Amino acid sequence: MSAMEKQALKNKLGGLPPMPPPGVGGYGKRPIVRKRDYTPVYWDHYFEHEHDVKVEGNTFRVYECGKEGPVLLFLHGGGFSALSWALVSSNISHLVTCRCAAVDLRGHGDSVTTDDGDLSSETMSSDVGNIVKALYGEDPPPIILVGHSMGGSIAVNTAFRHLIPSLIGLIVIDVVEVNTAFRHLIPSLIGLIVIDVVEGTALEALTSMQSFLRGRPAVFKSLEHAIEWSVRAGQIRNVESAKVSMVGQLKR
């Protein structure tokens with residue numbers, strides 16, 4: 001396009017409007033940053049039932065959803081609670097025919113025991129076996145244990161000790177190395193899934209968990225602040241999960 005043609009086109013269009021001064025309209029303004037919502041969300045958004053199971057003088061908080069099919073029994077990691085499984089339980093129970101149950105383990109959440117400090121694998125796996133018996137009686141439905149970190153170790157110990165006669169599956173996540181050979185010692189076990197096995201010993205894992213727990217503030221100004229901290233600190237990456245699971249991790 002020649003210079004004459006450019007000038008003719010400019011005269012026809014009348015040119016562009018002048019730029020507004022800074023601070024007028026949208027020019028010069030910072031983009032709007034929406035504040036994240038850290039309002040807590042409670043158990044009944046994800047589970048259908050909340051109740052306490054009494055076993056040998058101990059009281060364990062249990063959350064359940066789903067009405068039929070095999071049971072996925074969720075065991076949380078150290079420092080977390082049953083509500084850490086809220087989103088998973090709700091989503092799975094809507095995708096497939098199953099029941100989901102999540103337990104506040106000894107020394108965690110709203111469970112109260114005669115010795116909250118006894119976190120040995122033997123004691124906690126016995127707790128799981130007793131909870132299953134209290135929930136489902138002598139003839140429990142097919143059960144799949146799902147455990148994360150500490151909960152994964154408890155799940156393995158529960159399976160190895162044959163504490164759940166109807167156990168058909170085991171899913172463990174972020175656990176110290178598991179010897180999968182024990183699977184053949186449990187005739188009822190159909191499947192075993194191990195995700196993100198952590199190298200090291202149980203003692204090293206315990207030290208790591210203690211360091212993790214010491215890194216948490218002892219007090220929060222509010223639930224909202226606790227939820228925000230958990231997300232910003234990277235302890236819980238999913239904001240929705242943080243909004244429900246932190247409710248079960250704090251004493252009020």
# chains A, B, ... in the order shown; residues from 1 in each chain; ligands from 1
call {"tool": "select_by_dssp", "arguments": {"residues": "segment 59-172 of chain A", "states": "strand (DSSP E or B)", "output": "PyMOL selection string"}}
result
chain A and resi 59-65+71-75+99-103+112+143-148+167-172
call {"tool": "write_last_selection", "arguments": {"atoms": "C-alpha atoms", "output": "PDB file, in the first residue's frame"}}
result
ATOM      1  CA  THR A  59     -15.137 -44.516  70.651  1.00  0.00           C
ATOM      2  CA  PHE A  60     -14.310 -44.203  66.958  1.00  0.00           C
ATOM      3  CA  ARG A  61     -15.888 -41.637  64.625  1.00  0.00           C
ATOM      4  CA  VAL A  62     -17.004 -43.180  61.329  1.00  0.00           C
ATOM      5  CA  TYR A  63     -18.397 -41.512  58.183  1.00  0.00           C
ATOM      6  CA  GLU A  64     -20.268 -43.524  55.551  1.00  0.00           C
ATOM      7  CA  CYS A  65     -21.865 -43.143  52.132  1.00  0.00           C
ATOM      8  CA  VAL A  71     -17.053 -51.589  51.248  1.00  0.00           C
ATOM      9  CA  LEU A  72     -14.035 -49.360  50.683  1.00  0.00           C
ATOM     10  CA  LEU A  73     -12.673 -48.708  54.173  1.00  0.00           C
ATOM     11  CA  PHE A  74     -10.416 -45.644  54.198  1.00  0.00           C
ATOM     12  CA  LEU A  75      -7.569 -45.197  56.700  1.00  0.00           C
ATOM     13  CA  ARG A  99     -20.094 -48.301  50.026  1.00  0.00           C
ATOM     14  CA  CYS A 100     -17.428 -46.044  51.504  1.00  0.00           C
ATOM     15  CA  ALA A 101     -16.489 -45.775  55.164  1.00  0.00           C
ATOM     16  CA  ALA A 102     -13.781 -43.527  56.616  1.00  0.00           C
ATOM     17  CA  VAL A 103     -12.545 -43.826  60.190  1.00  0.00           C
ATOM     18  CA  VAL A 112     -11.612 -40.916  71.832  1.00  0.00           C
ATOM     19  CA  ILE A 143     -14.039 -55.138  52.075  1.00  0.00           C
ATOM     20  CA  ILE A 144     -11.212 -53.269  50.348  1.00  0.00           C
ATOM     21  CA  LEU A 145      -8.809 -51.475  52.676  1.00  0.00           C
ATOM     22  CA  VAL A 146      -7.436 -48.166  51.379  1.00  0.00           C
ATOM     23  CA  GLY A 147      -4.661 -46.566  53.411  1.00  0.00           C
ATOM     24  CA  HIS A 148      -2.417 -43.527  53.044  1.00  0.00           C
ATOM     25  CA  LEU A 167     -10.937 -58.681  52.927  1.00  0.00           C
ATOM     26  CA  ILE A 168     -10.698 -58.862  49.120  1.00  0.00           C
ATOM     27  CA  GLY A 169      -8.453 -55.935  48.242  1.00  0.00           C
ATOM     28  CA  LEU A 170      -5.720 -53.679  49.540  1.00  0.00           C
ATOM     29  CA  ILE A 171      -4.705 -50.249  48.214  1.00  0.00           C
ATOM     30  CA  VAL A 172      -1.814 -48.501  49.950  1.00  0.00           C
TER      31      VAL A 172
END
call {"tool": "atom_distance", "arguments": {"atom1": "atom CA of Asp37 of chain A", "atom2": "atom CA of Ser111 of chain A"}}
result
28.6 Å
call {"tool": "residues_around", "arguments": {"residues": "segment 42-48 of chain A", "least_positions_apart": "3", "cutoff": "12 Å", "atoms": "only C-alpha atoms", "output": "PyMOL selection string"}}
result
chain A and resi 39+51+61-67+81-94+99-102+223+240-248
call {"tool": "atom_distance", "arguments": {"atom1": "atom CA of Gly107 of chain A", "atom2": "atom CA of Ala134 of chain A"}}
result
19.2 Å
call {"tool": "closest_residue", "arguments": {"among": "A:Tyr136, A:Phe160, A:Phe80, A:Tyr38", "to": "Ser188 of chain A", "atoms": "only C-alpha atoms"}}
result
A:Phe160
call {"tool": "atom_distance", "arguments": {"atom1": "atom CA of Ile131 of chain A", "atom2": "atom CA of Gly79 of chain A"}}
result
20.1 Å
call {"tool": "residues_around", "arguments": {"residues": "Phe220 of chain A", "least_positions_apart": "4", "cutoff": "12 Å", "atoms": "only C-alpha atoms", "output": "PyMOL selection string"}}
result
chain A and resi 216+224-230+246+249-252
